[in-house]
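Q: Attaching a single structure in structure tokens format; questions to follow.
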2 protein chains.
Amino acid sequence: MEFFEAVEKRRSIRKYSDKKVPPEVINKALDAALLAPNSSNMQTWQFHWVRTEEKKKRLAVACLDQGAAKTAQELIVVSVSPSLWKKTSQDILRSGIPAGLEKKMQPYYSKLIPFLYGFQILAPFKWLMFNVIGIFRPIMRQPWSWRDREEVCIKSAALACQNFMLAITAQGFDTCPMEGFDESRVKKILKFKCSDRIVMVISVGERVDRGVWGQRYRSPREWFVHEV
Amino acid sequence: MEFFEAVEKRRSIRKYSDKKVPPEVINKALDAALLAPNSSNMQTWQFHWVRTEEKKKRLAVACLDQGAAKTAQELIVVSVSPSLWKKTSQDILRSGIPAGLEKKMQPYYSKLIPFLYGFQILAPFKWLMFNVIGIFRPIMRQPWSWRDREEVCIKSAALACQNFMLAITAQGFDTCPMEGFDESRVKKILKFKCSDRIVMVISVGERVDRGVWGQRYRSPREWFVHEV
């Protein structure tokens, strides 16, 4: 499907038909998700494709029993594991640095990334350091806290989510991104680590005629787009 | 361009050519961005297309002088204004509710959204309420804090960023999403409100041969995709 057609066609679907979604459709969309850009290539994203019927049912309840979850053919829980940076940065140091960039990227992944993502106990010190240096010259002010690090991870995962949803649309199926869920219960159902955060739950299926809530509505463009 | 071709072709570009980007390319990508799904349709996203040369130069410095900013033809600063929910929810109540859904959506936008997004002073009470009710039945646990609200807004804006970047690729140009910037300085340059948050700075142009850092690298798929 042409890109802009997919963007136009994608709508949040609240009710799906009984048509099954072939596993290769989901897999192709997951592959597209993993090609999204992400912060320092830390790839802290996690895609949980819930395939057992019992878990799907419990998950729909944890998604507050909304139609988009209850009638879904497939459910994907997207989360982040912020601590995954340790594994991925080691992996990049081993085999992910492009030829000729070793000098620049070795210290980036072996020193800067551990300082930014790790040593959470130094958070107040990092904040102070960034903001004192920042008086004199431009410097990144974040991530210094636990929550900042979560934010960076969630942002990257959201980019991947959009790739995933458009990829499903491009293959003739539909999605709904859900933020209306009970994070504690979803984490329990899927046995997530305490430090994991859920980004969104995405349901997949084929839309029924009244599966969409109505015409797409957006406020006037000039509220959001500014030429400066 | 075909959707999957755009996903494959999109890379983060660190050096651009001198070729100008027609304004209609940017505008078309901004229109695509505004079609991304977003939390409760609150559209708290903001796209600042920096067109004055002086501001572009200052912005590149605030982006730590990285090549992706310095050589960019166009720079778009994506931010969120969490307090925009007041304006957009009123707008939706006036003209954005689909026929037949008034009964369900009027209280959603006139009561639930103000409770979740506003009344920040009640944050500890909200936390307590969500977590006490949550003992007995599934309930959303967030947003209860200021930071939660920012997170929700940033997540939606990131979905729009991905639409924007793919839309630029689909039109034959390139992008780089940057998180390496001095948020305080960027906010000063663009005169943002204190409560605004910057999501990312996206540069646009045409890639030069060595504009990309090398082969795309991703860690093994099974680290990120789990069938459960």
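Residue numbers start at 1 in each chain; chains themselves are named A, B, ... in the order of the structure tokens; ligands are numbered from 1 in the order shown.
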Which residues, written as a ChimeraX atom specification, have at least one atom at most 9 Å from segment 202-216 of chain A, with only C-alpha atoms counted and residues fewer than 3 positions away on the same chain left out?

A: /A:11-21,26,68-69,71-78,161,165,168,172-179 /B:35,96-99,101

Q: Just to be explicit: take each residue in the selection above, keep C-alpha atoms, and write the result as a PDB file, in the first residue's frame.

A:
ATOM      1  CA  ARG A  11      -8.133   4.617  12.219  1.00  0.00           C
ATOM      2  CA  SER A  12      -8.567   3.396  15.777  1.00  0.00           C
ATOM      3  CA  ILE A  13     -10.953   0.470  15.516  1.00  0.00           C
ATOM      4  CA  ARG A  14     -13.289  -0.280  18.394  1.00  0.00           C
ATOM      5  CA  LYS A  15     -14.889  -3.429  17.012  1.00  0.00           C
ATOM      6  CA  TYR A  16     -13.365  -6.148  14.876  1.00  0.00           C
ATOM      7  CA  SER A  17     -14.829  -8.890  12.691  1.00  0.00           C
ATOM      8  CA  ASP A  18     -14.247 -12.633  13.190  1.00  0.00           C
ATOM      9  CA  LYS A  19     -11.647 -12.763  10.421  1.00  0.00           C
ATOM     10  CA  LYS A  20      -8.374 -14.266  11.611  1.00  0.00           C
ATOM     11  CA  VAL A  21      -5.134 -12.337  11.134  1.00  0.00           C
ATOM     12  CA  ILE A  26       1.822  -9.654  12.591  1.00  0.00           C
ATOM     13  CA  ALA A  68     -11.189  -2.790  20.945  1.00  0.00           C
ATOM     14  CA  ALA A  69      -9.654  -5.402  23.264  1.00  0.00           C
ATOM     15  CA  THR A  71     -13.229  -8.267  19.955  1.00  0.00           C
ATOM     16  CA  ALA A  72      -9.542  -8.193  18.923  1.00  0.00           C
ATOM     17  CA  GLN A  73      -8.077 -11.094  16.988  1.00  0.00           C
ATOM     18  CA  GLU A  74      -4.587 -10.348  18.244  1.00  0.00           C
ATOM     19  CA  LEU A  75      -3.222  -8.327  21.141  1.00  0.00           C
ATOM     20  CA  ILE A  76       0.298  -6.958  21.360  1.00  0.00           C
ATOM     21  CA  VAL A  77       1.543  -5.413  24.580  1.00  0.00           C
ATOM     22  CA  VAL A  78       4.359  -2.971  23.933  1.00  0.00           C
ATOM     23  CA  CYS A 161       4.337   1.417  17.651  1.00  0.00           C
ATOM     24  CA  MET A 165       0.201   0.108  13.261  1.00  0.00           C
ATOM     25  CA  ILE A 168      -0.834  -3.625   9.804  1.00  0.00           C
ATOM     26  CA  GLY A 172      -5.262  -4.700   4.953  1.00  0.00           C
ATOM     27  CA  PHE A 173      -5.960  -5.107   8.659  1.00  0.00           C
ATOM     28  CA  ASP A 174      -6.678  -2.635  11.438  1.00  0.00           C
ATOM     29  CA  THR A 175      -5.456  -1.647  14.866  1.00  0.00           C
ATOM     30  CA  CYS A 176      -6.342   0.277  17.995  1.00  0.00           C
ATOM     31  CA  PRO A 177      -3.692   1.708  20.310  1.00  0.00           C
ATOM     32  CA  MET A 178      -4.974   1.515  23.880  1.00  0.00           C
ATOM     33  CA  GLU A 179      -3.766   3.429  26.895  1.00  0.00           C
TER      34      GLU A 179
ATOM     35  CA  LEU B  35      -3.277  12.107  11.437  1.00  0.00           C
ATOM     36  CA  GLY B  96     -15.764  16.741  17.502  1.00  0.00           C
ATOM     37  CA  ILE B  97     -18.207  14.211  18.939  1.00  0.00           C
ATOM     38  CA  PRO B  98     -19.560  11.786  16.332  1.00  0.00           C
ATOM     39  CA  ALA B  99     -23.354  11.621  15.981  1.00  0.00           C
ATOM     40  CA  LEU B 101     -22.077   9.041  20.794  1.00  0.00           C
TER      41      LEU B 101
END

Q: Compile a residue-level contact table for chain B against chain A at a cut-off of 6 Å, reporting for every qualifying residue the shortest atom pair and its distance in Å to one decimal, with only C-alpha atoms counted, rows ordered by chain and ascending number, as JSON lines.

A:
{"residue": "B:Met1", "atom": "CA", "partner": "A:Glu2", "partner_atom": "CA", "distance": 5.5}
{"residue": "B:Glu2", "atom": "CA", "partner": "A:Glu2", "partner_atom": "CA", "distance": 4.3}
{"residue": "B:Phe3", "atom": "CA", "partner": "A:Phe3", "partner_atom": "CA", "distance": 4.3}
{"residue": "B:Gln46", "atom": "CA", "partner": "A:Phe224", "partner_atom": "CA", "distance": 4.6}
{"residue": "B:Phe47", "atom": "CA", "partner": "A:Val225", "partner_atom": "CA", "distance": 4.8}
{"residue": "B:His48", "atom": "CA", "partner": "A:His226", "partner_atom": "CA", "distance": 4.9}
{"residue": "B:Trp49", "atom": "CA", "partner": "A:Glu227", "partner_atom": "CA", "distance": 4.8}
{"residue": "B:Val50", "atom": "CA", "partner": "A:Val228", "partner_atom": "CA", "distance": 4.9}
{"residue": "B:Arg51", "atom": "CA", "partner": "A:Val228", "partner_atom": "CA", "distance": 5.7}
{"residue": "B:Ala62", "atom": "CA", "partner": "A:Pro138", "partner_atom": "CA", "distance": 5.6}
{"residue": "B:Gly96", "atom": "CA", "partner": "A:Tyr217", "partner_atom": "CA", "distance": 5.6}
{"residue": "B:Pro98", "atom": "CA", "partner": "A:Gly214", "partner_atom": "CA", "distance": 5.3}
{"residue": "B:Pro138", "atom": "CA", "partner": "A:Asp182", "partner_atom": "CA", "distance": 5.5}
{"residue": "B:Ile139", "atom": "CA", "partner": "A:Asp182", "partner_atom": "CA", "distance": 5.1}
{"residue": "B:Met140", "atom": "CA", "partner": "A:Asp182", "partner_atom": "CA", "distance": 4.7}
{"residue": "B:Lys155", "atom": "CA", "partner": "A:Lys155", "partner_atom": "CA", "distance": 5.6}
{"residue": "B:Ala158", "atom": "CA", "partner": "A:Leu159", "partner_atom": "CA", "distance": 5.7}
{"residue": "B:Leu159", "atom": "CA", "partner": "A:Gln162", "partner_atom": "CA", "distance": 5.3}
{"residue": "B:Gln162", "atom": "CA", "partner": "A:Leu159", "partner_atom": "CA", "distance": 5.3}
{"residue": "B:Phe181", "atom": "CA", "partner": "A:Met140", "partner_atom": "CA", "distance": 5.3}
{"residue": "B:Asp182", "atom": "CA", "partner": "A:Met140", "partner_atom": "CA", "distance": 4.6}
{"residue": "B:Gly214", "atom": "CA", "partner": "A:Pro98", "partner_atom": "CA", "distance": 5.3}
{"residue": "B:Tyr217", "atom": "CA", "partner": "A:Gly96", "partner_atom": "CA", "distance": 5.6}
{"residue": "B:Phe224", "atom": "CA", "partner": "A:Gln46", "partner_atom": "CA", "distance": 4.6}
{"residue": "B:Val225", "atom": "CA", "partner": "A:Phe47", "partner_atom": "CA", "distance": 4.8}
{"residue": "B:His226", "atom": "CA", "partner": "A:His48", "partner_atom": "CA", "distance": 4.9}
{"residue": "B:Glu227", "atom": "CA", "partner": "A:Trp49", "partner_atom": "CA", "distance": 4.8}
{"residue": "B:Val228", "atom": "CA", "partner": "A:Val50", "partner_atom": "CA", "distance": 4.9}

Q: Least-squares align chain B to chain A using all Cα atoms paired by position, then dump the moved coordinates as a short mmCIF file (atom, residue, chain, number, x, y, z; two decimals) with C-alpha atoms, in the first residue's frame.

A:
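Writing the result to part.cif gives the following:
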data_model
loop_
_atom_site.label_atom_id
_atom_site.label_comp_id
_atom_site.auth_asym_id
_atom_site.auth_seq_id
_atom_site.Cartn_x
_atom_site.Cartn_y
_atom_site.Cartn_z
CA MET B 1 -0.01 -0.01 -0.02
CA GLU B 2 1.15 3.51 -0.76
CA PHE B 3 2.43 5.31 2.34
CA PHE B 4 -0.04 8.20 2.45
CA GLU B 5 -2.93 5.85 1.74
CA ALA B 6 -1.94 3.85 4.84
CA VAL B 7 -1.78 7.03 6.95
CA GLU B 8 -5.24 8.07 5.77
CA LYS B 9 -6.74 4.62 6.16
CA ARG B 10 -5.44 3.95 9.67
CA ARG B 11 -8.15 4.61 12.22
CA SER B 12 -8.58 3.40 15.78
CA ILE B 13 -10.96 0.47 15.51
CA ARG B 14 -13.30 -0.28 18.40
CA LYS B 15 -14.89 -3.43 17.01
CA TYR B 16 -13.37 -6.15 14.88
CA SER B 17 -14.83 -8.89 12.69
CA ASP B 18 -14.23 -12.63 13.19
CA LYS B 19 -11.64 -12.76 10.42
CA LYS B 20 -8.37 -14.25 11.62
CA VAL B 21 -5.13 -12.32 11.15
CA PRO B 22 -2.43 -14.50 9.52
CA PRO B 23 0.64 -14.72 11.79
CA GLU B 24 2.86 -13.50 8.92
CA VAL B 25 0.95 -10.19 8.94
CA ILE B 26 1.83 -9.65 12.60
CA ASN B 27 5.41 -10.78 12.09
CA LYS B 28 5.91 -8.45 9.15
CA ALA B 29 4.54 -5.53 11.21
CA LEU B 30 6.82 -6.46 14.13
CA ASP B 31 9.78 -6.42 11.76
CA ALA B 32 8.74 -2.95 10.61
CA ALA B 33 8.44 -1.84 14.24
CA LEU B 34 12.03 -2.89 14.92
CA LEU B 35 13.23 -0.65 12.08
CA ALA B 36 12.01 2.52 13.80
CA PRO B 37 14.70 4.95 14.91
CA ASN B 38 15.40 4.79 18.62
CA SER B 39 17.43 6.61 21.20
CA SER B 40 21.14 5.74 20.84
CA ASN B 41 19.98 2.43 19.31
CA MET B 42 19.45 1.12 22.84
CA GLN B 43 16.37 -0.84 21.66
CA THR B 44 14.82 -1.05 25.09
CA TRP B 45 11.47 -1.89 23.49
CA GLN B 46 9.61 -5.14 24.07
CA PHE B 47 6.76 -6.58 22.01
CA HIS B 48 4.65 -9.22 23.72
CA TRP B 49 2.39 -10.96 21.28
CA VAL B 50 -0.27 -12.56 23.47
CA ARG B 51 -1.29 -15.84 21.85
CA THR B 52 -2.80 -17.99 24.56
CA GLU B 53 -6.57 -17.66 24.80
CA GLU B 54 -6.61 -17.51 28.57
CA LYS B 55 -4.09 -14.65 28.69
CA LYS B 56 -5.93 -12.78 25.93
CA LYS B 57 -9.15 -12.95 27.94
CA ARG B 58 -7.50 -11.73 31.12
CA LEU B 59 -5.76 -8.99 29.18
CA ALA B 60 -9.05 -7.75 27.68
CA VAL B 61 -10.42 -7.46 31.23
CA ALA B 62 -7.32 -5.52 32.30
CA CYS B 63 -7.96 -3.25 29.28
CA LEU B 64 -11.18 -2.28 31.08
CA ASP B 65 -13.24 -4.60 28.90
CA GLN B 66 -13.25 -2.15 26.00
CA GLY B 67 -14.52 -3.40 22.65
CA ALA B 68 -11.19 -2.79 20.94
CA ALA B 69 -9.65 -5.40 23.25
CA LYS B 70 -12.58 -7.81 23.66
CA THR B 71 -13.22 -8.27 19.95
CA ALA B 72 -9.55 -8.20 18.92
CA GLN B 73 -8.08 -11.09 16.99
CA GLU B 74 -4.58 -10.34 18.25
CA LEU B 75 -3.22 -8.32 21.15
CA ILE B 76 0.30 -6.96 21.36
CA VAL B 77 1.54 -5.40 24.57
CA VAL B 78 4.36 -2.96 23.93
CA SER B 79 6.55 -2.25 26.92
CA VAL B 80 10.01 -0.98 27.73
CA SER B 81 12.73 -2.57 29.81
CA PRO B 82 14.93 0.43 30.55
CA SER B 83 17.68 -1.79 32.00
CA LEU B 84 18.07 -3.57 28.67
CA TRP B 85 20.62 -0.85 27.76
CA LYS B 86 23.30 -2.96 29.46
CA LYS B 87 22.79 -5.87 27.11
CA THR B 88 22.25 -3.85 23.94
CA SER B 89 25.16 -1.48 24.50
CA GLN B 90 27.47 -4.46 25.00
CA ASP B 91 26.06 -6.00 21.84
CA ILE B 92 26.65 -2.82 19.87
CA LEU B 93 30.21 -2.58 21.20
CA ARG B 94 30.78 -6.18 20.07
CA SER B 95 29.24 -6.00 16.63
CA GLY B 96 27.17 -2.90 15.94
CA ILE B 97 29.74 -0.16 15.38
CA PRO B 98 30.18 0.76 11.70
CA ALA B 99 33.71 0.51 10.30
CA GLY B 100 35.69 3.72 10.71
CA LEU B 101 33.62 5.03 13.61
CA GLU B 102 35.23 3.00 16.41
CA LYS B 103 37.13 5.96 17.81
CA LYS B 104 34.01 8.06 18.15
CA MET B 105 31.52 5.40 19.16
CA GLN B 106 33.53 3.18 21.50
CA PRO B 107 33.62 5.83 24.25
CA TYR B 108 30.01 6.74 23.51
CA TYR B 109 28.77 3.23 24.26
CA SER B 110 31.32 2.26 26.89
CA LYS B 111 31.33 5.51 28.88
CA LEU B 112 28.60 8.04 28.06
CA ILE B 113 25.68 5.59 27.79
CA PRO B 114 26.51 3.82 31.09
CA PHE B 115 26.76 7.24 32.76
CA LEU B 116 23.40 8.42 31.38
CA TYR B 117 21.43 5.18 31.72
CA GLY B 118 23.13 3.62 34.74
CA PHE B 119 24.29 4.97 38.09
CA GLN B 120 20.80 5.97 39.10
CA ILE B 121 22.10 6.69 42.57
CA LEU B 122 24.00 9.65 41.12
CA ALA B 123 20.79 11.25 39.80
CA PRO B 124 20.96 14.47 41.88
CA PHE B 125 24.64 14.81 41.01
CA LYS B 126 23.88 14.39 37.31
CA TRP B 127 21.17 17.03 37.50
CA LEU B 128 23.55 19.44 39.18
CA MET B 129 26.35 18.70 36.74
CA PHE B 130 24.19 19.14 33.62
CA ASN B 131 22.72 22.37 34.89
CA VAL B 132 25.98 23.89 36.05
CA ILE B 133 27.80 23.06 32.81
CA GLY B 134 24.65 24.25 31.01
CA ILE B 135 25.23 27.77 32.27
CA PHE B 136 28.38 27.95 30.18
CA ARG B 137 27.66 25.85 27.10
CA PRO B 138 24.90 23.78 25.49
CA ILE B 139 24.55 20.35 27.08
CA MET B 140 21.84 17.70 27.25
CA ARG B 141 19.88 18.20 30.46
CA GLN B 142 18.42 14.70 30.45
CA PRO B 143 18.21 11.84 31.23
CA TRP B 144 19.34 12.39 34.80
CA SER B 145 16.53 10.65 36.67
CA TRP B 146 14.92 7.24 36.60
CA ARG B 147 11.79 8.80 35.15
CA ASP B 148 13.76 10.61 32.44
CA ARG B 149 15.22 7.30 31.35
CA GLU B 150 11.75 5.76 31.19
CA GLU B 151 10.59 8.71 29.12
CA VAL B 152 13.38 8.27 26.58
CA CYS B 153 12.61 4.55 26.28
CA ILE B 154 8.84 5.10 25.97
CA LYS B 155 9.37 7.74 23.29
CA SER B 156 11.43 5.35 21.14
CA ALA B 157 8.92 2.54 21.66
CA ALA B 158 6.13 4.85 20.51
CA LEU B 159 7.97 5.45 17.23
CA ALA B 160 8.04 1.67 16.78
CA CYS B 161 4.32 1.41 17.65
CA GLN B 162 3.45 3.78 14.84
CA ASN B 163 5.49 1.70 12.37
CA PHE B 164 3.67 -1.39 13.63
CA MET B 165 0.19 0.10 13.26
CA LEU B 166 0.82 1.49 9.79
CA ALA B 167 2.34 -1.84 8.75
CA ILE B 168 -0.84 -3.63 9.80
CA THR B 169 -2.95 -1.12 7.85
CA ALA B 170 -0.69 -1.52 4.80
CA GLN B 171 -1.50 -5.24 4.89
CA GLY B 172 -5.27 -4.69 4.94
CA PHE B 173 -5.96 -5.12 8.65
CA ASP B 174 -6.68 -2.65 11.43
CA THR B 175 -5.46 -1.65 14.87
CA CYS B 176 -6.35 0.26 17.99
CA PRO B 177 -3.69 1.71 20.32
CA MET B 178 -4.97 1.51 23.89
CA GLU B 179 -3.77 3.43 26.90
CA GLY B 180 -6.87 2.65 28.90
CA PHE B 181 -5.60 -0.35 30.82
CA ASP B 182 -4.64 -1.30 34.35
CA GLU B 183 -0.85 -1.25 34.22
CA SER B 184 -0.44 -3.23 37.46
CA ARG B 185 -2.76 -6.00 36.28
CA VAL B 186 -1.23 -6.21 32.80
CA LYS B 187 2.21 -6.47 34.37
CA LYS B 188 0.99 -9.28 36.61
CA ILE B 189 -0.67 -11.21 33.77
CA LEU B 190 2.48 -11.08 31.66
CA LYS B 191 4.89 -11.42 34.59
CA PHE B 192 6.80 -8.25 33.81
CA LYS B 193 9.64 -6.97 35.93
CA CYS B 194 8.73 -4.23 38.36
CA SER B 195 10.93 -1.73 36.49
CA ASP B 196 9.26 -2.44 33.12
CA ARG B 197 6.77 0.11 31.86
CA ILE B 198 3.89 -0.50 29.49
CA VAL B 199 3.74 1.84 26.54
CA MET B 200 0.45 0.75 25.01
CA VAL B 201 -1.61 -2.30 24.15
CA ILE B 202 -2.31 -2.62 20.44
CA SER B 203 -5.20 -4.71 19.21
CA VAL B 204 -5.33 -6.10 15.68
CA GLY B 205 -8.14 -7.41 13.50
CA GLU B 206 -10.37 -6.46 10.60
CA ARG B 207 -12.73 -3.52 11.14
CA VAL B 208 -16.46 -4.05 10.98
CA ASP B 209 -18.63 -1.35 9.37
CA ARG B 210 -19.35 0.41 12.63
CA GLY B 211 -15.93 -0.34 14.11
CA VAL B 212 -14.82 3.24 13.84
CA TRP B 213 -16.40 5.93 16.02
CA GLY B 214 -17.13 8.34 13.18
CA GLN B 215 -15.38 10.86 10.98
CA ARG B 216 -11.84 11.64 12.08
CA TYR B 217 -11.81 14.90 13.98
CA ARG B 218 -8.85 17.24 14.40
CA SER B 219 -8.80 20.77 15.78
CA PRO B 220 -7.60 23.57 13.43
CA ARG B 221 -4.10 22.98 12.03
CA GLU B 222 -2.86 26.38 13.16
CA TRP B 223 -3.21 25.35 16.79
CA PHE B 224 -0.42 22.82 16.24
CA VAL B 225 1.76 23.93 13.34
CA HIS B 226 3.81 27.09 13.78
CA GLU B 227 6.30 28.65 11.38
CA VAL B 228 8.88 30.51 13.43
#

Q: So that I can check the secondary structure, give me every residue of segment 34-192 of chain A assigned alpha helix (DSSP H) by backbone DSSP, as a ChimeraX atom specification.

A: /A:53-62,67-70,85-95,102-107,113-117,123-136,146-170,183-189

Q: Using DSSP assignments from the backbone, pull out every residue in segment 40-226 of chain B that falls under strand (DSSP E) and give it to me as a list in words.

A: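 The residues of segment 40-226 of chain B classed as strand (DSSP E) are Trp45, Gln46, Phe47, His48, Trp49, Val50, Glu74, Leu75, Ile76, Val77, Val78, Ser79, Val80, Asp174, Thr175, Cys176, Pro177, Met178, Arg197, Ile198, Val199, Met200, Val201, Ile202, Ser203, Val204, Gly205, Val225 and His226 of chain B.
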
Q: Take the selection from the previous step and output its residues with N, CA and C atoms, as a PDB file, in the first residue's frame.

A:
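Resulting contents of again.pdb:
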ATOM      1  N   TRP B  45       0.177  18.036  20.896  1.00  0.00           N
ATOM      2  CA  TRP B  45       1.432  18.173  20.144  1.00  0.00           C
ATOM      3  C   TRP B  45       1.587  19.540  19.489  1.00  0.00           C
ATOM      4  N   GLN B  46       2.835  19.928  19.298  1.00  0.00           N
ATOM      5  CA  GLN B  46       3.157  21.220  18.688  1.00  0.00           C
ATOM      6  C   GLN B  46       4.323  21.014  17.728  1.00  0.00           C
ATOM      7  N   PHE B  47       4.189  21.538  16.524  1.00  0.00           N
ATOM      8  CA  PHE B  47       5.246  21.403  15.518  1.00  0.00           C
ATOM      9  C   PHE B  47       5.745  22.790  15.136  1.00  0.00           C
ATOM     10  N   HIS B  48       6.983  23.068  15.490  1.00  0.00           N
ATOM     11  CA  HIS B  48       7.563  24.383  15.232  1.00  0.00           C
ATOM     12  C   HIS B  48       8.544  24.251  14.076  1.00  0.00           C
ATOM     13  N   TRP B  49       8.142  24.769  12.970  1.00  0.00           N
ATOM     14  CA  TRP B  49       8.962  24.702  11.756  1.00  0.00           C
ATOM     15  C   TRP B  49       9.824  25.959  11.742  1.00  0.00           C
ATOM     16  N   VAL B  50      11.120  25.786  11.995  1.00  0.00           N
ATOM     17  CA  VAL B  50      12.008  26.934  12.197  1.00  0.00           C
ATOM     18  C   VAL B  50      12.497  27.433  10.836  1.00  0.00           C
ATOM     19  N   GLU B  74      16.004  21.918   6.737  1.00  0.00           N
ATOM     20  CA  GLU B  74      14.873  22.348   7.559  1.00  0.00           C
ATOM     21  C   GLU B  74      14.977  21.715   8.940  1.00  0.00           C
ATOM     22  N   LEU B  75      14.495  22.449   9.930  1.00  0.00           N
ATOM     23  CA  LEU B  75      14.479  21.925  11.299  1.00  0.00           C
ATOM     24  C   LEU B  75      13.067  22.068  11.864  1.00  0.00           C
ATOM     25  N   ILE B  76      12.571  20.985  12.411  1.00  0.00           N
ATOM     26  CA  ILE B  76      11.252  21.029  13.042  1.00  0.00           C
ATOM     27  C   ILE B  76      11.407  20.613  14.509  1.00  0.00           C
ATOM     28  N   VAL B  77      10.975  21.480  15.392  1.00  0.00           N
ATOM     29  CA  VAL B  77      11.025  21.152  16.814  1.00  0.00           C
ATOM     30  C   VAL B  77       9.632  20.658  17.214  1.00  0.00           C
ATOM     31  N   VAL B  78       9.588  19.434  17.686  1.00  0.00           N
ATOM     32  CA  VAL B  78       8.303  18.867  18.115  1.00  0.00           C
ATOM     33  C   VAL B  78       8.244  18.960  19.634  1.00  0.00           C
ATOM     34  N   SER B  79       7.189  19.571  20.122  1.00  0.00           N
ATOM     35  CA  SER B  79       7.061  19.705  21.570  1.00  0.00           C
ATOM     36  C   SER B  79       5.642  19.353  21.987  1.00  0.00           C
ATOM     37  N   VAL B  80       5.416  19.331  23.287  1.00  0.00           N
ATOM     38  CA  VAL B  80       4.043  19.158  23.770  1.00  0.00           C
ATOM     39  C   VAL B  80       3.693  20.303  24.714  1.00  0.00           C
ATOM     40  N   ASP B 174      15.070  13.061   3.427  1.00  0.00           N
ATOM     41  CA  ASP B 174      15.535  12.306   4.589  1.00  0.00           C
ATOM     42  C   ASP B 174      15.389  13.112   5.879  1.00  0.00           C
ATOM     43  N   THR B 175      15.537  12.392   6.987  1.00  0.00           N
ATOM     44  CA  THR B 175      15.365  13.023   8.300  1.00  0.00           C
ATOM     45  C   THR B 175      16.390  12.494   9.296  1.00  0.00           C
ATOM     46  N   CYS B 176      16.487  13.191  10.411  1.00  0.00           N
ATOM     47  CA  CYS B 176      17.185  12.645  11.574  1.00  0.00           C
ATOM     48  C   CYS B 176      16.456  13.118  12.828  1.00  0.00           C
ATOM     49  N   PRO B 177      15.983  12.173  13.653  1.00  0.00           N
ATOM     50  CA  PRO B 177      15.359  12.566  14.924  1.00  0.00           C
ATOM     51  C   PRO B 177      16.465  12.781  15.949  1.00  0.00           C
ATOM     52  N   MET B 178      16.481  13.954  16.565  1.00  0.00           N
ATOM     53  CA  MET B 178      17.548  14.243  17.536  1.00  0.00           C
ATOM     54  C   MET B 178      16.997  14.423  18.943  1.00  0.00           C
ATOM     55  N   ARG B 197       7.224  20.758  26.928  1.00  0.00           N
ATOM     56  CA  ARG B 197       8.341  19.810  26.901  1.00  0.00           C
ATOM     57  C   ARG B 197       8.720  19.538  25.447  1.00  0.00           C
ATOM     58  N   ILE B 198       9.991  19.407  25.195  1.00  0.00           N
ATOM     59  CA  ILE B 198      10.422  19.117  23.830  1.00  0.00           C
ATOM     60  C   ILE B 198      10.520  17.608  23.648  1.00  0.00           C
ATOM     61  N   VAL B 199       9.933  17.130  22.578  1.00  0.00           N
ATOM     62  CA  VAL B 199       9.923  15.698  22.310  1.00  0.00           C
ATOM     63  C   VAL B 199      11.169  15.311  21.512  1.00  0.00           C
ATOM     64  N   MET B 200      11.369  15.967  20.399  1.00  0.00           N
ATOM     65  CA  MET B 200      12.592  15.780  19.624  1.00  0.00           C
ATOM     66  C   MET B 200      12.726  16.912  18.605  1.00  0.00           C
ATOM     67  N   VAL B 201      13.919  17.049  18.077  1.00  0.00           N
ATOM     68  CA  VAL B 201      14.139  17.987  16.978  1.00  0.00           C
ATOM     69  C   VAL B 201      14.371  17.114  15.744  1.00  0.00           C
ATOM     70  N   ILE B 202      13.631  17.383  14.685  1.00  0.00           N
ATOM     71  CA  ILE B 202      13.786  16.572  13.478  1.00  0.00           C
ATOM     72  C   ILE B 202      14.383  17.440  12.380  1.00  0.00           C
ATOM     73  N   SER B 203      15.502  16.979  11.828  1.00  0.00           N
ATOM     74  CA  SER B 203      16.094  17.711  10.717  1.00  0.00           C
ATOM     75  C   SER B 203      15.678  17.048   9.413  1.00  0.00           C
ATOM     76  N   VAL B 204      15.620  17.859   8.351  1.00  0.00           N
ATOM     77  CA  VAL B 204      15.166  17.366   7.050  1.00  0.00           C
ATOM     78  C   VAL B 204      16.120  17.853   5.964  1.00  0.00           C
ATOM     79  N   GLY B 205      16.349  17.023   4.972  1.00  0.00           N
ATOM     80  CA  GLY B 205      17.196  17.387   3.839  1.00  0.00           C
ATOM     81  C   GLY B 205      17.341  16.176   2.932  1.00  0.00           C
ATOM     82  N   VAL B 225      10.998  -9.515  20.705  1.00  0.00           N
ATOM     83  CA  VAL B 225       9.676 -10.035  20.334  1.00  0.00           C
ATOM     84  C   VAL B 225       9.432 -11.332  21.101  1.00  0.00           C
ATOM     85  N   HIS B 226       8.325 -11.372  21.840  1.00  0.00           N
ATOM     86  CA  HIS B 226       8.033 -12.533  22.667  1.00  0.00           C
ATOM     87  C   HIS B 226       6.608 -13.002  22.408  1.00  0.00           C
TER      88      HIS B 226
END
